[in-house]
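Undergrad: Quick one, target-v6.txt (compact mmCIF, C-alpha atoms and all ligand atoms):
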```txt
# COMPACT_ATOMS: atom_id res chain seq x y z
CA MET W 1 98.60 77.74 103.01
CA LEU W 2 97.67 74.37 104.41
CA GLU W 3 94.25 73.18 103.34
CA THR W 4 92.03 70.86 105.27
CA ASP W 5 91.22 67.43 103.91
CA LYS W 6 87.73 68.72 103.31
CA GLN W 7 89.05 71.45 101.01
CA ILE W 8 91.30 69.05 99.10
CA LEU W 9 88.67 66.38 98.79
CA SER W 10 85.52 68.44 98.44
CA ASN W 11 86.60 70.25 95.30
CA PRO W 12 88.87 67.97 93.34
CA VAL W 13 88.55 70.27 90.25
CA GLN W 14 88.00 67.54 87.75
CA ASN W 15 85.28 66.49 85.38
CA SER W 16 86.34 62.91 84.95
CA VAL W 17 89.02 60.56 86.18
CA PHE W 18 90.59 57.53 84.49
CA ILE W 19 92.52 55.03 86.62
CA VAL W 20 94.96 52.76 84.79
CA GLY W 21 95.54 49.82 87.16
CA TYR W 22 92.40 49.60 89.27
CA GLY W 23 93.79 47.82 92.33
CA ASP W 24 93.96 48.70 96.01
CA ILE W 25 95.10 52.34 95.65
CA GLY W 26 92.91 52.80 92.59
CA ARG W 27 89.84 51.81 94.60
CA ARG W 28 90.72 54.21 97.40
CA VAL W 29 91.30 57.09 94.99
CA ALA W 30 88.11 56.26 93.08
CA SER W 31 86.06 56.36 96.25
CA LEU W 32 87.32 59.89 97.07
CA TYR W 33 86.21 61.12 93.65
CA ARG W 34 82.96 59.16 93.65
CA ASN W 35 82.10 60.76 97.00
CA ASN W 36 82.30 64.08 95.17
CA LYS W 37 80.24 62.93 92.21
CA VAL W 38 83.19 62.88 89.82
CA PRO W 39 82.75 60.07 87.26
CA VAL W 40 85.51 57.47 87.37
CA THR W 41 86.61 54.92 84.78
CA GLY W 42 89.00 52.14 85.72
CA LEU W 43 91.20 49.87 83.62
CA ALA W 44 92.49 46.46 84.66
CA ARG W 45 93.07 43.04 83.18
CA SER W 46 91.37 40.37 85.21
CA GLU W 47 87.79 39.27 85.66
CA SER W 48 88.10 39.88 89.42
CA SER W 49 89.20 43.50 88.87
CA PHE W 50 86.33 43.97 86.42
CA GLN W 51 83.93 42.77 89.10
CA LEU W 52 85.48 45.14 91.67
CA MET W 53 84.92 48.09 89.34
CA LYS W 54 81.30 47.07 88.83
CA ASP W 55 80.83 46.73 92.59
CA ASP W 56 82.37 50.19 93.09
CA ASP W 57 80.10 51.77 90.47
CA VAL W 58 83.09 52.64 88.32
CA THR W 59 82.96 52.39 84.52
CA ALA W 60 85.01 49.30 83.81
CA VAL W 61 87.48 48.81 80.97
CA THR W 62 89.15 45.44 80.60
CA ALA W 63 92.45 45.71 78.75
CA ASP W 64 95.95 44.35 79.02
CA LEU W 65 98.81 46.85 79.00
CA ASP W 66 101.01 44.06 77.62
CA ASP W 67 98.78 43.94 74.54
CA ILE W 68 98.68 47.30 72.75
CA ASP W 69 95.76 46.23 70.54
CA SER W 70 93.55 45.86 73.60
CA LEU W 71 94.19 49.54 74.44
CA SER W 72 92.84 50.98 71.19
CA GLY W 73 89.83 53.25 71.36
CA LEU W 74 90.31 54.46 74.93
CA SER W 75 88.54 57.75 75.46
CA LEU W 76 90.81 59.91 77.61
CA ALA W 77 90.37 63.42 76.17
CA GLY W 78 90.70 66.04 78.91
CA THR W 79 90.63 63.49 81.72
CA LEU W 80 92.81 63.28 84.79
CA VAL W 81 94.66 59.97 84.48
CA PHE W 82 96.13 58.06 87.41
CA TYR W 83 98.61 55.45 86.22
CA PHE W 84 98.88 52.84 88.97
CA ALA W 85 99.77 49.68 87.04
CA PRO W 86 103.14 48.16 87.90
CA PRO W 87 105.79 47.37 85.29
CA PRO W 88 106.19 43.69 84.34
CA PRO W 89 108.03 41.53 86.90
CA THR W 90 111.26 41.19 84.89
CA GLY W 91 113.57 43.33 82.78
CA THR W 92 114.88 46.84 83.23
CA THR W 93 112.28 48.76 81.19
CA ASP W 94 108.52 49.25 81.37
CA PRO W 95 106.90 48.15 78.10
CA ARG W 96 103.45 48.64 79.68
CA MET W 97 104.00 52.38 80.01
CA LYS W 98 105.31 52.36 76.43
CA ASN W 99 102.14 50.66 75.17
CA PHE W 100 99.91 52.98 77.16
CA LEU W 101 101.55 56.16 75.84
CA ALA W 102 101.63 54.80 72.28
CA SER W 103 97.91 54.02 72.46
CA LEU W 104 96.92 57.61 73.29
CA ASP W 105 95.06 59.55 70.62
CA MET W 106 97.27 62.62 70.04
CA GLU W 107 94.20 64.69 69.12
CA LYS W 108 92.43 63.77 72.34
CA LEU W 109 95.05 63.70 75.04
CA PRO W 110 94.36 63.54 78.78
CA ARG W 111 94.78 66.81 80.68
CA LYS W 112 97.15 65.43 83.27
CA ILE W 113 98.79 62.09 84.14
CA ILE W 114 99.76 61.22 87.72
CA TYR W 115 102.19 58.31 87.96
CA ILE W 116 102.92 56.27 91.09
CA SER W 117 106.61 55.42 90.95
CA THR W 118 108.73 54.24 93.87
CA SER W 119 111.32 55.74 96.21
CA GLY W 120 113.33 52.65 95.18
CA VAL W 121 114.65 54.69 92.22
CA TYR W 122 117.03 56.40 94.70
CA GLY W 123 118.66 53.02 95.44
CA ASP W 124 121.03 52.78 98.39
CA GLN W 125 121.76 56.16 99.96
CA ALA W 126 123.59 54.79 103.03
CA GLY W 127 120.81 55.94 105.35
CA GLN W 128 121.01 59.60 104.23
CA TRP W 129 118.02 61.89 103.67
CA VAL W 130 116.76 61.95 100.09
CA THR W 131 115.00 64.90 98.46
CA GLU W 132 113.57 65.14 94.96
CA ASN W 133 116.91 66.72 93.94
CA THR W 134 118.86 63.60 94.89
CA PRO W 135 119.90 61.94 91.63
CA PRO W 136 118.27 58.51 91.12
CA LYS W 137 120.65 55.59 91.65
CA PRO W 138 118.61 52.42 91.12
CA GLY W 139 120.24 49.23 92.34
CA ALA W 140 117.57 46.63 91.58
CA ASP W 141 115.90 45.80 88.28
CA ARG W 142 112.48 46.68 89.74
CA SER W 143 113.76 50.25 90.30
CA PHE W 144 115.30 50.48 86.82
CA ARG W 145 111.86 49.58 85.44
CA ARG W 146 110.24 52.39 87.42
CA LEU W 147 112.85 54.91 86.39
CA ASP W 148 112.33 53.87 82.78
CA ALA W 149 108.57 54.48 83.16
CA GLU W 150 109.27 57.92 84.68
CA LYS W 151 111.56 58.82 81.79
CA GLN W 152 109.05 57.68 79.20
CA LEU W 153 106.37 59.83 80.82
CA GLN W 154 108.63 62.86 81.06
CA GLY W 155 109.67 62.37 77.41
CA PHE W 156 106.03 62.23 76.38
CA ARG W 157 105.29 65.45 78.27
CA ASN W 158 108.18 67.20 76.53
CA LYS W 159 106.62 66.44 73.14
CA HIS W 160 102.90 66.80 73.82
CA VAL W 161 100.50 69.10 75.61
CA VAL W 162 99.83 67.02 78.68
CA GLU W 163 100.77 67.71 82.30
CA THR W 164 102.57 65.04 84.29
CA VAL W 165 103.27 64.52 87.97
CA ILE W 166 105.43 61.71 89.37
CA LEU W 167 104.95 60.46 92.91
CA ARG W 168 107.93 58.52 94.30
CA VAL W 169 106.13 56.42 96.87
CA SER W 170 107.74 54.60 99.79
CA GLY W 171 106.44 51.32 101.30
CA ILE W 172 102.65 51.26 101.39
CA TYR W 173 100.89 49.75 104.41
CA GLY W 174 97.30 49.71 105.57
CA PRO W 175 94.36 47.40 106.21
CA GLY W 176 95.00 44.11 104.40
CA ARG W 177 98.57 45.20 103.59
CA LEU W 178 100.61 44.07 106.58
CA PRO W 179 103.29 41.32 106.47
CA GLU W 180 101.21 39.16 108.81
CA LYS W 181 101.92 35.85 107.06
CA ARG W 182 105.63 36.46 107.17
CA ILE W 183 105.54 37.24 110.89
CA ARG W 184 103.32 34.21 111.63
CA ASN W 185 105.86 32.05 109.77
CA ALA W 186 108.67 33.50 111.95
CA ILE W 187 110.74 34.48 108.92
CA PRO W 188 113.88 36.10 110.33
CA VAL W 189 114.77 39.77 110.10
CA LEU W 190 118.17 41.45 110.28
CA LYS W 191 119.54 42.39 113.70
CA GLU W 192 118.34 45.90 114.41
CA GLU W 193 121.82 47.45 114.31
CA LEU W 194 122.30 46.06 110.77
CA SER W 195 118.84 46.95 109.51
CA PRO W 196 118.45 49.61 106.77
CA LYS W 197 116.45 52.83 107.11
CA THR W 198 113.05 52.65 105.42
CA ASN W 199 109.97 54.82 105.05
CA ARG W 200 106.26 54.13 104.86
CA ILE W 201 102.98 55.68 103.83
CA HIS W 202 99.49 54.62 104.87
CA ALA W 203 97.32 53.59 101.88
CA ASP W 204 94.57 56.09 102.81
CA ASP W 205 97.03 58.98 103.08
CA LEU W 206 98.48 57.93 99.72
CA ALA W 207 95.02 58.03 98.12
CA LYS W 208 94.48 61.55 99.46
CA ILE W 209 97.94 62.60 98.21
CA CYS W 210 97.05 61.30 94.74
CA VAL W 211 93.91 63.46 94.69
CA ALA W 212 95.92 66.44 95.94
CA ALA W 213 98.50 65.81 93.20
CA GLY W 214 95.65 65.94 90.70
CA LYS W 215 94.64 69.32 92.05
CA TYR W 216 97.91 71.01 93.07
CA GLY W 217 100.74 68.93 91.60
CA ARG W 218 102.86 71.16 89.38
CA ASP W 219 103.37 70.07 85.80
CA GLY W 220 106.61 68.15 85.29
CA GLU W 221 107.34 67.86 89.00
CA ILE W 222 108.35 64.89 91.12
CA TYR W 223 107.15 64.50 94.72
CA ASN W 224 108.50 62.11 97.33
CA VAL W 225 105.65 60.42 99.17
CA SER W 226 106.19 59.13 102.70
CA ASP W 227 105.00 59.89 106.21
CA GLY W 228 108.47 61.38 106.79
CA CYS W 229 109.04 59.06 109.72
CA ASP W 230 112.07 56.91 109.11
CA SER W 231 112.55 53.67 110.96
CA ASN W 232 114.59 50.59 110.31
CA MET W 233 113.08 47.55 108.63
CA THR W 234 113.44 45.36 111.75
CA GLU W 235 111.67 47.91 113.93
CA TYR W 236 108.86 47.90 111.35
CA PHE W 237 108.40 44.13 111.65
CA PHE W 238 108.66 44.30 115.45
CA GLN W 239 105.97 46.99 115.68
CA ILE W 240 103.63 45.02 113.45
CA ALA W 241 104.22 41.80 115.42
CA LYS W 242 103.36 43.69 118.61
CA HIS W 243 100.23 45.16 117.01
CA LEU W 244 99.10 41.70 115.87
CA GLY W 245 99.89 40.13 119.24
CA LEU W 246 102.47 37.82 117.63
CA PRO W 247 106.00 36.94 118.78
CA LYS W 248 108.79 39.12 117.38
CA PRO W 249 110.48 37.46 114.39
CA PRO W 250 113.95 36.02 115.12
CA THR W 251 116.95 38.18 114.17
CA VAL W 252 119.94 37.09 112.13
CA ASP W 253 123.24 38.57 110.93
CA TRP W 254 124.04 39.20 107.27
CA GLU W 255 125.59 35.78 106.72
CA GLU W 256 122.48 33.97 107.93
CA ALA W 257 120.21 36.43 106.13
CA GLU W 258 121.92 35.65 102.84
CA SER W 259 121.29 31.94 103.26
CA THR W 260 117.71 32.17 104.57
CA LEU W 261 115.96 35.21 103.07
CA SER W 262 114.50 35.56 99.58
CA LYS W 263 116.41 37.39 96.86
CA GLY W 264 113.65 39.98 96.76
CA MET W 265 113.87 40.67 100.49
CA LEU W 266 117.67 40.85 100.36
CA SER W 267 117.46 43.44 97.60
CA TYR W 268 115.29 45.63 99.87
CA LEU W 269 117.67 45.11 102.80
CA ARG W 270 120.64 46.29 100.76
CA GLU W 271 119.12 49.76 100.36
CA SER W 272 118.99 52.32 103.15
CA ARG W 273 117.56 55.83 102.84
CA ARG W 274 115.32 58.38 104.55
CA ILE W 275 112.68 60.04 102.41
CA ASP W 276 112.24 63.79 102.81
CA ASN W 277 108.54 64.58 102.34
CA ARG W 278 108.55 68.36 102.83
CA LYS W 279 107.85 69.24 99.20
CA MET W 280 104.80 66.95 99.22
CA LEU W 281 103.49 68.42 102.48
CA THR W 282 103.80 72.05 101.40
CA GLU W 283 103.09 72.03 97.66
CA LEU W 284 100.30 69.45 97.79
CA HIS W 285 98.82 71.00 100.98
CA ILE W 286 98.89 67.72 102.86
CA THR W 287 98.15 67.10 106.51
CA LEU W 288 98.77 63.40 107.07
CA LYS W 289 96.16 61.45 108.96
CA TYR W 290 98.79 58.85 109.86
CA PRO W 291 102.12 60.65 110.39
CA ASP W 292 103.80 57.53 111.79
CA LEU W 293 103.39 53.76 111.81
CA LEU W 294 101.89 53.61 115.29
CA SER W 295 99.05 55.98 114.42
CA GLY W 296 98.44 54.04 111.20
CA LEU W 297 98.42 50.65 112.90
CA ALA W 298 96.01 51.91 115.56
CA GLY W 299 93.24 52.05 112.96
CA ILE W 300 93.92 48.57 111.54
CA MET W 301 92.11 45.62 113.06
CA PRO W 302 94.65 42.94 114.01
CA SER W 303 92.40 40.38 112.36
CA SER W 304 92.80 41.97 108.89
CA ILE W 305 93.63 39.21 106.47
CA PRO W 306 96.64 40.31 104.44
CA ASN W 307 96.28 40.37 100.68
CA LYS W 308 99.72 41.81 100.07
CA ASP W 309 102.78 40.78 102.01
CA ASN W 310 104.44 44.18 101.89
CA THR W 311 107.96 44.41 103.15
N1 LIG W 401 103.69 47.97 97.64
C1 LIG W 401 104.36 49.06 97.86
O1 LIG W 401 104.86 49.29 98.95
C2 LIG W 401 104.54 50.06 96.74
C3 LIG W 401 105.41 51.13 96.89
C4 LIG W 401 105.51 52.05 95.85
C5 LIG W 401 104.76 51.91 94.70
N2 LIG W 401 103.90 50.83 94.58
C6 LIG W 401 103.09 50.75 93.35
O2 LIG W 401 101.89 51.47 93.55
C7 LIG W 401 100.96 51.11 92.51
C8 LIG W 401 99.56 50.95 93.11
O3 LIG W 401 99.61 49.93 94.10
P1 LIG W 401 98.36 48.99 94.37
O4 LIG W 401 98.57 48.39 95.70
O5 LIG W 401 97.09 49.69 94.06
O6 LIG W 401 98.60 47.85 93.28
P2 LIG W 401 97.60 46.64 92.93
O7 LIG W 401 96.53 46.53 93.95
O8 LIG W 401 98.47 45.45 92.66
O9 LIG W 401 96.91 47.13 91.57
C9 LIG W 401 97.59 47.10 90.36
C10 LIG W 401 96.57 47.15 89.26
O10 LIG W 401 97.25 47.13 88.01
C11 LIG W 401 96.56 46.25 87.14
N3 LIG W 401 97.47 45.69 86.17
C12 LIG W 401 98.62 45.02 86.39
N4 LIG W 401 99.14 44.61 85.22
C13 LIG W 401 98.29 45.01 84.25
C14 LIG W 401 98.27 44.87 82.84
N5 LIG W 401 99.24 44.24 82.19
N6 LIG W 401 97.24 45.42 82.17
C15 LIG W 401 96.24 46.05 82.81
N7 LIG W 401 96.21 46.22 84.14
C16 LIG W 401 97.22 45.70 84.86
C17 LIG W 401 96.00 45.17 88.03
O11 LIG W 401 94.90 44.58 87.38
P3 LIG W 401 94.66 42.99 87.37
O12 LIG W 401 94.70 42.57 88.82
O13 LIG W 401 93.33 42.85 86.75
O14 LIG W 401 95.76 42.40 86.58
C18 LIG W 401 95.59 45.98 89.25
O15 LIG W 401 94.31 46.49 89.03
C19 LIG W 401 101.51 49.82 91.91
O16 LIG W 401 102.13 50.12 90.68
C20 LIG W 401 102.55 49.39 92.92
O17 LIG W 401 103.54 48.56 92.36
C21 LIG W 401 103.78 49.92 95.58
```
Let me see the file written as structure tokens.
TA:
Amino acid sequence: MLETDKQILSNPVQNSVFIVGYGDIGRRVASLYRNNKVPVTGLARSESSFQLMKDDDVTAVTADLDDIDSLSGLSLAGTLVFYFAPPPPTGTTDPRMKNFLASLDMEKLPRKIIYISTSGVYGDQAGQWVTENTPPKPGADRSFRRLDAEKQLQGFRNKHVVETVILRVSGIYGPGRLPEKRIRNAIPVLKEELSPKTNRIHADDLAKICVAAGKYGRDGEIYNVSDGCDSNMTEYFFQIAKHLGLPKPPTVDWEEAESTLSKGMLSYLRESRRIDNRKMLTELHITLKYPDLLSGLAGIMPSSIPNKDNT
């Protein structure tokens, strides 16, 4: 049975929520719980994040996942934990997840941990549809790090009484999260016929999906998260340029791309896949507010200043 947003959001079935990595998605998730009088604690590293938590009326914990000593004494018994912190920027493992799990008090474990991973763990699938049964095939270090974090979490669940849910999230966009700077700087994109298939999710829909995963996500399960609307990467940049009233970025072939684009961008361009979101829609009872990029962009003021140059 499909539930309305009101049903999902009005009864989140939780006494308290702990958000590890209180950034953009953390804030959005926190506000959904706070609206329903569920107490929220957030954890982040920086002074600016600490201030954001204070502003949001969230209990603030300052700790560094790279420093296990700073994680001692966390009080997580029975809570619903959202783990939103990224792995470190280098390597093929996630020592932050390792530190977090090692810091948990085994006598006072959280009830459930929801982890935001990435659809990047599927690697290049030559433009084919990808379900949760598709074996992961990471191609970039950043995806190996995510898969490592997933495995650590699943291993922890196998040994301890704690539920886990993994969300494999595709490219996040939303207010303040458009590649405006890149388009203003006329950084080239691949010719459309060469451009890989990609998927997106609006940040507000993602926040709602996280709450739904807290309520309905089945223990040990993985859910793909996307609006289910595949497009190619070039079309994505073109649509955003149009929305912002900016000229379309120039297009290049692979040879030029390899000499002009960043390594990071090239690694995204080398992976093509379409994310099947049916399990998320049915099991998590989701009706997307923004089922495609156009509907999502319609609600974003063109003057939004980007804080994340998402590709
Ligand atoms: N961008 C995408 O398209 C995409 C796609 C799939 C998944 N994701 C992932 O989705 C998750 C949520 O995204 P988001 O936009 O909310 O990220 P975000 O705004 O960058 O927030 C990340 C949070 O993690 C905290 N953090 C990072 N390193 C930490 C450390 N060593 N110790 C403690 N806290 C640390 C940051 O705190 P400080 O700022 O205080 O350090 C920040 O509060 C991230 O893991 C992101 O990588 C993103």
Undergrad: Here is a test: counting all atoms listed in the file, which residue of W:Val58, W:Ala30, W:Leu293, W:Val169 is nearest to ligand LIG 401 (chain W)?
TA: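 Nearest candidate to ligand LIG 401 (chain W) out of W:Val58, W:Ala30, W:Leu293, W:Val169: W:Val169.
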Undergrad: Considering all atoms listed in the file, state which residue in the set W:Arg200, W:Lys37, W:Arg145, W:Arg157 is at the smallest distance from ligand LIG 401 (chain W).
TA: W:Arg200
Undergrad: Give me, please, the distance in Å between atom CA of W:Asn277 and atom CA of W:Tyr236, quoted to one decimal.
TA: 19.0 Å
Undergrad: Hey, which of W:Gly91, W:Pro175, W:Pro247, W:Pro86 ends up closest to ligand LIG 401 (chain W)? Count all atoms listed in the file.
TA: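 Of W:Gly91, W:Pro175, W:Pro247, W:Pro86, the one nearest ligand LIG 401 (chain W) is W:Pro86, counting all atoms listed in the file.
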Undergrad: Please work out which residues fall within 8 Å of (95.6, 54.9, 86.0), coordinates as given in the file, with all atoms listed in the file counting, and return them as a tab-separated table (two decimals) with C-alpha atoms, keeping the file's coordinate frame.
TA:
```
chain	number	residue	atom	x	y	z
W	18	PHE	CA	90.59	57.53	84.49
W	19	ILE	CA	92.52	55.03	86.62
W	20	VAL	CA	94.96	52.76	84.79
W	21	GLY	CA	95.54	49.82	87.16
W	22	TYR	CA	92.40	49.60	89.27
W	26	GLY	CA	92.91	52.80	92.59
W	42	GLY	CA	89.00	52.14	85.72
W	43	LEU	CA	91.20	49.87	83.62
W	81	VAL	CA	94.66	59.97	84.48
W	82	PHE	CA	96.13	58.06	87.41
W	83	TYR	CA	98.61	55.45	86.22
W	84	PHE	CA	98.88	52.84	88.97
W	85	ALA	CA	99.77	49.68	87.04
W	114	ILE	CA	99.76	61.22	87.72
W	115	TYR	CA	102.19	58.31	87.96
```
Undergrad: Show me which residues are within 6 Å of ligand LIG 401 (chain W) counting only C-alpha atoms and all ligand atoms, and format the list as a ChimeraX atom specification.
TA: /W:21-26,44-46,49,63-66,84-86,116-118,169-172,310
Undergrad: What is the distance between atom CA of W:Asp105 and atom CA of W:Leu80, in Å to one decimal?
TA: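 If I compute the distance from atom CA of W:Asp105 to atom CA of W:Leu80, I get 14.8 Å.
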